[in-house]
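As stored in target-v4.txt (compact mmCIF, C-alpha atoms and all ligand atoms):
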```
# COMPACT_ATOMS: atom_id res chain seq x y z
CA MET A 1 -7.29 25.99 5.83
CA THR A 2 -10.53 24.61 4.42
CA ARG A 3 -10.04 23.68 0.77
CA LEU A 4 -12.16 25.10 -2.04
CA SER A 5 -13.45 22.82 -4.78
CA VAL A 6 -15.29 24.79 -7.45
CA ASN A 7 -18.39 23.09 -8.87
CA LEU A 8 -18.65 23.83 -12.60
CA ASN A 9 -22.15 22.44 -13.25
CA LYS A 10 -23.51 25.90 -13.99
CA VAL A 11 -20.84 26.64 -16.61
CA ALA A 12 -21.89 23.45 -18.40
CA LEU A 13 -25.55 24.43 -18.04
CA LEU A 14 -24.89 27.71 -19.84
CA ARG A 15 -22.90 25.95 -22.57
CA ASN A 16 -25.68 23.38 -23.09
CA ALA A 17 -28.23 26.17 -23.57
CA ARG A 18 -26.79 26.71 -27.09
CA GLY A 19 -25.41 23.25 -27.75
CA GLY A 20 -21.93 24.46 -28.71
CA GLY A 21 -18.69 24.58 -26.76
CA GLU A 22 -18.95 27.99 -25.04
CA PRO A 23 -18.51 28.77 -22.25
CA ASP A 24 -15.79 26.15 -22.12
CA VAL A 25 -15.90 24.07 -18.94
CA LEU A 26 -12.21 23.19 -19.17
CA GLU A 27 -11.21 26.84 -19.60
CA ALA A 28 -13.33 27.69 -16.55
CA ALA A 29 -11.57 24.93 -14.59
CA ARG A 30 -8.15 26.22 -15.61
CA THR A 31 -9.15 29.77 -14.61
CA CYS A 32 -10.33 28.61 -11.17
CA LEU A 33 -7.19 26.55 -10.58
CA ASP A 34 -4.94 29.38 -11.76
CA ALA A 35 -6.74 31.64 -9.26
CA GLY A 36 -5.87 29.22 -6.47
CA ALA A 37 -8.87 26.89 -6.16
CA HIS A 38 -7.80 23.59 -4.65
CA GLY A 39 -9.95 21.35 -6.79
CA ILE A 40 -12.84 20.94 -9.19
CA THR A 41 -16.24 19.33 -8.62
CA VAL A 42 -19.02 18.31 -10.97
CA HIS A 43 -22.26 16.54 -10.24
CA PRO A 44 -23.41 15.14 -13.59
CA ARG A 45 -27.11 14.35 -13.63
CA PRO A 46 -28.37 11.29 -15.53
CA ASP A 47 -30.35 13.62 -17.84
CA ALA A 48 -27.05 15.35 -18.81
CA ARG A 49 -28.58 18.78 -18.28
CA HIS A 50 -25.23 20.25 -17.31
CA ALA A 51 -21.96 18.37 -16.80
CA ARG A 52 -21.78 15.38 -19.18
CA SER A 53 -19.66 12.24 -19.16
CA ASP A 54 -17.20 13.81 -21.64
CA ASP A 55 -16.77 16.79 -19.27
CA VAL A 56 -16.09 14.39 -16.42
CA LEU A 57 -13.29 12.61 -18.30
CA ALA A 58 -11.73 15.86 -19.53
CA LEU A 59 -11.85 17.47 -16.07
CA ALA A 60 -10.44 14.33 -14.46
CA ALA A 61 -7.50 14.43 -16.89
CA LEU A 62 -6.92 18.15 -16.25
CA CYS A 63 -6.99 17.70 -12.47
CA ARG A 64 -4.60 14.75 -12.70
CA GLN A 65 -2.24 16.82 -14.85
CA ARG A 66 -2.42 19.74 -12.38
CA GLY A 67 -2.07 17.45 -9.34
CA VAL A 68 -5.30 18.73 -7.77
CA GLU A 69 -8.36 16.96 -6.47
CA PHE A 70 -11.21 16.06 -8.80
CA ASN A 71 -14.43 15.46 -6.86
CA LEU A 72 -17.18 13.61 -8.70
CA GLU A 73 -20.66 13.62 -7.21
CA GLY A 74 -23.60 11.35 -7.97
CA ASN A 75 -26.06 8.71 -6.94
CA PRO A 76 -24.60 5.19 -7.15
CA PHE A 77 -28.12 3.75 -7.48
CA ALA A 78 -29.30 5.86 -10.44
CA ALA A 79 -29.94 3.71 -13.51
CA PRO A 80 -27.54 4.06 -16.46
CA ARG A 81 -28.97 5.55 -19.64
CA PRO A 82 -27.64 6.72 -23.00
CA GLY A 83 -24.96 9.32 -22.26
CA TYR A 84 -24.75 8.40 -18.57
CA PRO A 85 -23.10 5.05 -17.85
CA GLY A 86 -23.96 5.15 -14.14
CA PHE A 87 -21.97 6.70 -11.33
CA LEU A 88 -19.75 3.74 -10.53
CA ALA A 89 -18.89 3.16 -14.20
CA LEU A 90 -18.06 6.84 -14.58
CA CYS A 91 -15.82 6.70 -11.50
CA ALA A 92 -14.10 3.57 -12.85
CA GLU A 93 -13.24 5.49 -16.02
CA ALA A 94 -12.47 8.92 -14.53
CA ARG A 95 -10.83 7.78 -11.26
CA PRO A 96 -11.73 10.92 -9.27
CA ARG A 97 -9.67 11.51 -6.16
CA GLN A 98 -12.93 11.89 -4.25
CA ALA A 99 -16.34 10.40 -4.97
CA THR A 100 -19.24 12.05 -3.16
CA LEU A 101 -22.38 9.93 -3.03
CA VAL A 102 -25.65 11.87 -3.07
CA PRO A 103 -29.11 10.25 -2.85
CA ASP A 104 -30.80 12.35 -5.54
CA ASP A 105 -33.78 11.11 -7.53
CA ASP A 106 -33.56 11.38 -11.31
CA GLY A 107 -36.02 14.22 -11.64
CA GLN A 108 -34.76 16.31 -8.75
CA LEU A 109 -34.08 20.00 -9.50
CA THR A 110 -31.07 19.98 -7.21
CA SER A 111 -29.81 18.11 -4.15
CA ASP A 112 -32.09 18.61 -1.20
CA HIS A 113 -31.27 15.90 1.34
CA GLY A 114 -28.57 13.55 2.54
CA PHE A 115 -28.68 9.79 3.07
CA ASP A 116 -30.82 8.16 5.72
CA PHE A 117 -28.00 5.99 7.05
CA ALA A 118 -30.24 3.77 9.17
CA ARG A 119 -32.23 2.88 6.05
CA ASP A 120 -29.54 3.13 3.32
CA GLY A 121 -26.50 1.87 5.25
CA ASP A 122 -26.51 -1.75 4.05
CA ARG A 123 -27.01 -0.95 0.40
CA LEU A 124 -24.30 1.74 0.54
CA ARG A 125 -21.66 -0.75 1.68
CA PRO A 126 -20.92 -2.32 -1.78
CA PRO A 127 -20.56 0.97 -3.73
CA VAL A 128 -18.45 2.45 -0.95
CA ALA A 129 -16.16 -0.59 -1.03
CA GLU A 130 -16.01 -0.56 -4.85
CA LEU A 131 -15.07 3.13 -4.95
CA ARG A 132 -12.42 2.71 -2.29
CA ALA A 133 -10.99 -0.22 -4.25
CA LEU A 134 -10.72 2.16 -7.24
CA GLY A 135 -8.61 4.47 -5.08
CA CYS A 136 -11.30 7.09 -4.47
CA ARG A 137 -11.82 8.77 -1.13
CA VAL A 138 -15.53 8.31 -0.42
CA SER A 139 -17.70 11.03 1.04
CA LEU A 140 -21.42 10.63 1.81
CA PHE A 141 -23.90 13.50 1.62
CA ALA A 142 -25.46 13.93 5.07
CA ASP A 143 -28.10 16.10 6.68
CA ALA A 144 -27.45 17.90 9.95
CA GLY A 145 -28.63 15.46 12.61
CA ALA A 146 -27.94 12.35 10.50
CA ALA A 147 -26.69 9.12 12.09
CA VAL A 148 -23.20 9.70 10.72
CA GLU A 149 -21.70 7.01 12.97
CA GLN A 150 -23.29 4.59 10.48
CA ALA A 151 -21.44 6.28 7.61
CA ALA A 152 -18.20 5.41 9.39
CA ALA A 153 -19.39 1.87 10.03
CA ILE A 154 -19.95 1.22 6.31
CA GLY A 155 -16.45 2.35 5.39
CA ALA A 156 -16.83 5.97 4.24
CA ASP A 157 -13.89 8.35 4.66
CA ARG A 158 -15.85 11.58 4.99
CA ILE A 159 -19.29 13.08 5.08
CA GLU A 160 -20.38 16.15 3.18
CA LEU A 161 -22.76 18.18 5.30
CA TYR A 162 -25.76 19.35 3.28
CA THR A 163 -25.73 23.09 3.95
CA GLY A 164 -28.91 24.08 2.07
CA PRO A 165 -31.02 24.48 5.24
CA PHE A 166 -28.18 26.45 6.88
CA ALA A 167 -28.02 28.80 3.87
CA GLU A 168 -31.78 29.34 3.93
CA ALA A 169 -31.83 30.04 7.66
CA HIS A 170 -28.82 32.35 7.36
CA ALA A 171 -30.56 34.34 4.60
CA ARG A 172 -33.55 34.77 6.93
CA GLY A 173 -31.23 36.04 9.67
CA GLY A 174 -31.21 32.83 11.74
CA GLY A 175 -28.24 33.26 14.07
CA THR A 176 -28.14 29.64 15.21
CA ALA A 177 -28.53 28.20 11.73
CA ALA A 178 -25.29 26.21 11.77
CA ARG A 179 -25.73 24.62 15.20
CA GLY A 180 -27.06 21.33 13.83
CA CYS A 181 -24.18 21.13 11.35
CA ALA A 182 -21.65 21.78 14.13
CA GLU A 183 -23.12 19.01 16.31
CA THR A 184 -23.13 16.54 13.41
CA ALA A 185 -19.59 17.49 12.36
CA GLY A 186 -18.42 16.80 15.92
CA ARG A 187 -20.03 13.35 15.96
CA ALA A 188 -18.61 12.58 12.52
CA ARG A 189 -15.10 13.43 13.66
CA ASP A 190 -15.53 11.38 16.84
CA ALA A 191 -16.45 8.46 14.57
CA GLY A 192 -13.23 8.95 12.59
CA LEU A 193 -14.72 10.71 9.56
CA GLY A 194 -13.47 13.84 7.81
CA VAL A 195 -16.04 16.58 7.25
CA ASN A 196 -16.77 18.39 3.98
CA ALA A 197 -19.66 20.77 3.38
CA GLY A 198 -21.64 22.10 0.47
CA HIS A 199 -24.81 23.36 -1.13
CA ASP A 200 -25.85 26.98 -1.44
CA LEU A 201 -22.72 28.25 0.27
CA SER A 202 -21.79 31.73 -0.91
CA GLN A 203 -19.55 34.66 -0.05
CA ALA A 204 -22.47 35.98 2.02
CA ASN A 205 -22.69 32.94 4.33
CA LEU A 206 -19.38 31.05 4.14
CA GLY A 207 -17.62 33.01 6.90
CA ALA A 208 -20.52 32.50 9.31
CA PHE A 209 -20.67 28.81 8.48
CA LEU A 210 -16.97 28.18 9.08
CA ALA A 211 -16.99 30.22 12.27
CA ALA A 212 -19.75 27.96 13.60
CA VAL A 213 -18.40 24.70 12.15
CA PRO A 214 -14.61 24.74 12.48
CA GLY A 215 -12.40 22.04 11.01
CA VAL A 216 -14.25 21.57 7.71
CA LEU A 217 -11.78 19.99 5.30
CA GLU A 218 -13.37 21.05 2.01
CA VAL A 219 -16.24 23.12 0.69
CA SER A 220 -17.59 22.54 -2.81
CA ILE A 221 -19.29 25.63 -4.16
CA GLY A 222 -20.89 26.18 -7.55
CA HIS A 223 -24.23 27.88 -7.97
CA ALA A 224 -23.51 31.06 -5.99
CA LEU A 225 -19.88 31.24 -7.07
CA ILE A 226 -20.71 31.12 -10.79
CA GLY A 227 -23.53 33.63 -10.23
CA GLU A 228 -21.20 36.02 -8.39
CA ALA A 229 -18.62 35.55 -11.14
CA LEU A 230 -21.05 37.05 -13.67
CA TYR A 231 -20.56 40.38 -11.94
CA ALA A 232 -17.00 40.19 -10.65
CA GLY A 233 -15.25 37.74 -12.99
CA LEU A 234 -14.33 34.14 -12.27
CA ALA A 235 -10.77 34.57 -11.00
CA PRO A 236 -11.57 37.51 -8.63
CA THR A 237 -14.55 35.55 -7.29
CA VAL A 238 -12.43 32.47 -6.57
CA GLU A 239 -9.89 34.76 -4.89
CA GLY A 240 -12.69 36.25 -2.77
CA TYR A 241 -13.60 32.77 -1.52
CA LEU A 242 -9.97 31.95 -0.78
CA ARG A 243 -9.67 35.12 1.33
CA LEU A 244 -12.74 34.04 3.32
CA LEU A 245 -11.28 30.56 3.85
CA ASP A 246 -7.96 32.02 4.90
CA ALA A 247 -9.66 34.37 7.38
CA ALA A 248 -11.54 31.41 8.91
CA ARG A 249 -8.52 29.24 9.58
C1 LIG B 301 -24.50 17.69 -3.72
C2 LIG B 301 -24.75 19.09 -3.97
O1 LIG B 301 -25.27 19.80 -3.15
C3 LIG B 301 -24.34 19.70 -5.26
O2 LIG B 301 -23.71 18.83 -6.12
C4 LIG B 301 -25.47 20.31 -5.94
O3 LIG B 301 -26.47 19.35 -5.98
C5 LIG B 301 -25.14 20.80 -7.32
O4 LIG B 301 -25.97 20.23 -8.26
P1 LIG B 301 -26.80 21.13 -9.25
O5 LIG B 301 -25.82 22.08 -9.88
O6 LIG B 301 -27.38 20.15 -10.22
O7 LIG B 301 -27.85 21.85 -8.47
N1 LIG B 302 -21.46 19.57 -3.09
C1 LIG B 302 -22.02 20.86 -3.25
C2 LIG B 302 -21.62 21.42 -4.54
O1 LIG B 302 -20.84 20.84 -5.26
C3 LIG B 302 -22.09 22.73 -4.98
O2 LIG B 302 -23.37 23.06 -4.54
P1 LIG B 302 -23.92 24.50 -4.95
O3 LIG B 302 -22.89 25.52 -4.48
O4 LIG B 302 -24.03 24.51 -6.45
O5 LIG B 302 -25.22 24.63 -4.25
```
Before anything else, please render the file you have as structure tokens.
Ligand SMILES: CC(=O)[C@@H](O)[C@H](O)COP(=O)(O)O
Ligand SMILES: NCC(=O)COP(=O)(O)O
Amino acid sequence: MTRLSVNLNKVALLRNARGGGEPDVLEAARTCLDAGAHGITVHPRPDARHARSDDVLALAALCRQRGVEFNLEGNPFAAPRPGYPGFLALCAEARPRQATLVPDDDGQLTSDHGFDFARDGDRLRPPVAELRALGCRVSLFADAGAAVEQAAAIGADRIELYTGPFAEAHARGGGTAARGCAETAGRARDAGLGVNAGHDLSQANLGAFLAAVPGVLEVSIGHALIGEALYAGLAPTVEGYLRLLDAAR
């Protein structure tokens, strides 16, 4: 069964709106794990607008204690700044089970593209090697159609398919929206890579995605899941996702 890693960025965003401790990111993580989620993701941004370095360390400790995967996302080339020591330094301290590298610019609203492996391949080699030496599984954010064979050549373990364009096309009724992801997933596996997926996945589109792209090892889902949880509650929402993943196996 595809594993579910819940991204808690949006819980931290809500907490930061008032500057206190509520809603509590750790309590949200415990609730998701108690409901059966397989792991926790955060993607701290250098401007600390949602998950912060202290959240990362606390979530890493919780996941270690629970024996579940902690997936830390970020750009290894973003400059450190006060409150954000840089992605590699954060990984060295938190030791996430999985590090997902994403080529986001500092000012980006959210992730909107994967790596250009032909262009970025050589400079990705050192951070990939460093993260693997720390004991992290390394996943690289990739667009449908990307030259993922290069991701394998530079030592990555997995790719994470950027599913934003799929989600948009699905919402417009595009029946073939996942075809590009399926083709890229097939090439990634042929090259020896595992395949994760994420961005704008939701209970409305997850079943269709997994039907079109079988064999996905993990989905990381945050924005829609936390939004849906406002209506249904966090634990029932996580359970809803797990039912979808179970039905797709
Ligand atoms: C890589 C990816 O798609 C997610 O990490 C997404 O970028 C979440 O980040 P935000 O919550 O900042 O939009
Ligand atoms: N890697 C994708 C992720 O963690 C969550 O993305 P989203 O569901 O918040 O769009």
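The list of residues with at least one atom within 10 Å of A:Thr2, based on only C-alpha atoms and without residues fewer than 3 positions apart in the same chain, reads A:Ser5, A:His38, A:Asn196, A:Ala197, A:Leu210, A:Pro214, A:Gly215, A:Val216, A:Leu217, A:Glu218, A:Val219, A:Leu242, A:Leu244, A:Leu245, A:Asp246, A:Ala248, A:Arg249.
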* To do: Produce as a VMD selection string the set of residues near ligand LIG 302 (chain B), where near means within 10 Å with only C-alpha atoms and all ligand atoms considered.
  => chain A and resid 5 to 10 40 to 43 71 to 74 100 to 102 110 to 112 141 160 to 164 167 196 to 202 218 to 227
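Straight-line separation from atom CA of A:Leu26 to atom CA of A:Ala51: 11.1 Å.
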Padded axis-aligned box of ligand LIG 301 (chain B) (8 Å per side), centre and edge lengths, Å, one decimal, as JSON:
```
{"center_x": -25.8, "center_y": 19.9, "center_z": -6.7, "size_x": 20.1, "size_y": 20.4, "size_z": 23.1}
```
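With atom CA of A:Val25 on one side and atom CA of A:His50 on the other, the separation reads 10.2 Å.
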* **Residues within 12 Å of stretch 154-156 of chain A, only C-alpha atoms, excluding chain neighbours under 4 positions, as a VMD selection string** => chain A and resid 98 to 101 117 to 118 120 to 133 136 to 142 147 to 150 160 188 191 to 195
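The smallest atom-to-atom distance between A:Val213 and any of A:Phe166, A:Tyr84, A:Phe70, A:Tyr241, using only C-alpha atoms, is found for A:Phe166.
Considering all atoms listed in the file, the residue among A:Leu13, A:Ala169, A:Ala232, A:Leu33 positioned nearest to ligand LIG 301 (chain B) is A:Leu13.
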From (-5.0, 16.3, -5.1), in the file's coordinates, out to 8 Å: which residues are reached, counting only C-alpha atoms? Answer as an mmCIF file with C-alpha atoms, in the coordinates of the input.
```
data_model
loop_
_atom_site.group_PDB
_atom_site.id
_atom_site.type_symbol
_atom_site.label_atom_id
_atom_site.label_comp_id
_atom_site.auth_asym_id
_atom_site.auth_seq_id
_atom_site.Cartn_x
_atom_site.Cartn_y
_atom_site.Cartn_z
ATOM 1 C CA HIS A 38 -7.800 23.590 -4.650
ATOM 2 C CA GLY A 39 -9.950 21.350 -6.790
ATOM 3 C CA CYS A 63 -6.990 17.700 -12.470
ATOM 4 C CA ARG A 64 -4.600 14.750 -12.700
ATOM 5 C CA GLY A 67 -2.070 17.450 -9.340
ATOM 6 C CA VAL A 68 -5.300 18.730 -7.770
ATOM 7 C CA GLU A 69 -8.360 16.960 -6.470
ATOM 8 C CA PHE A 70 -11.210 16.060 -8.800
ATOM 9 C CA ARG A 97 -9.670 11.510 -6.160
#
```
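Shortest atom-to-atom contact with ligand LIG 301 (chain B) among A:Gly86, A:Gly36, A:Gly107, A:Gly173: A:Gly107, counting only C-alpha atoms and all ligand atoms.
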* Mind checking which residues fall within 12 Å of A:Gly240, counting only C-alpha atoms, ignoring those fewer than 6 positions away in the same chain, and posting them as a PyMOL selection string? => chain A and resi 4+32+35-37+202-204+206-207+225+228-229+232-234+246-247
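Between atom CA of A:Asp47 and atom CA of A:Asp143 lies a distance of 24.7 Å.
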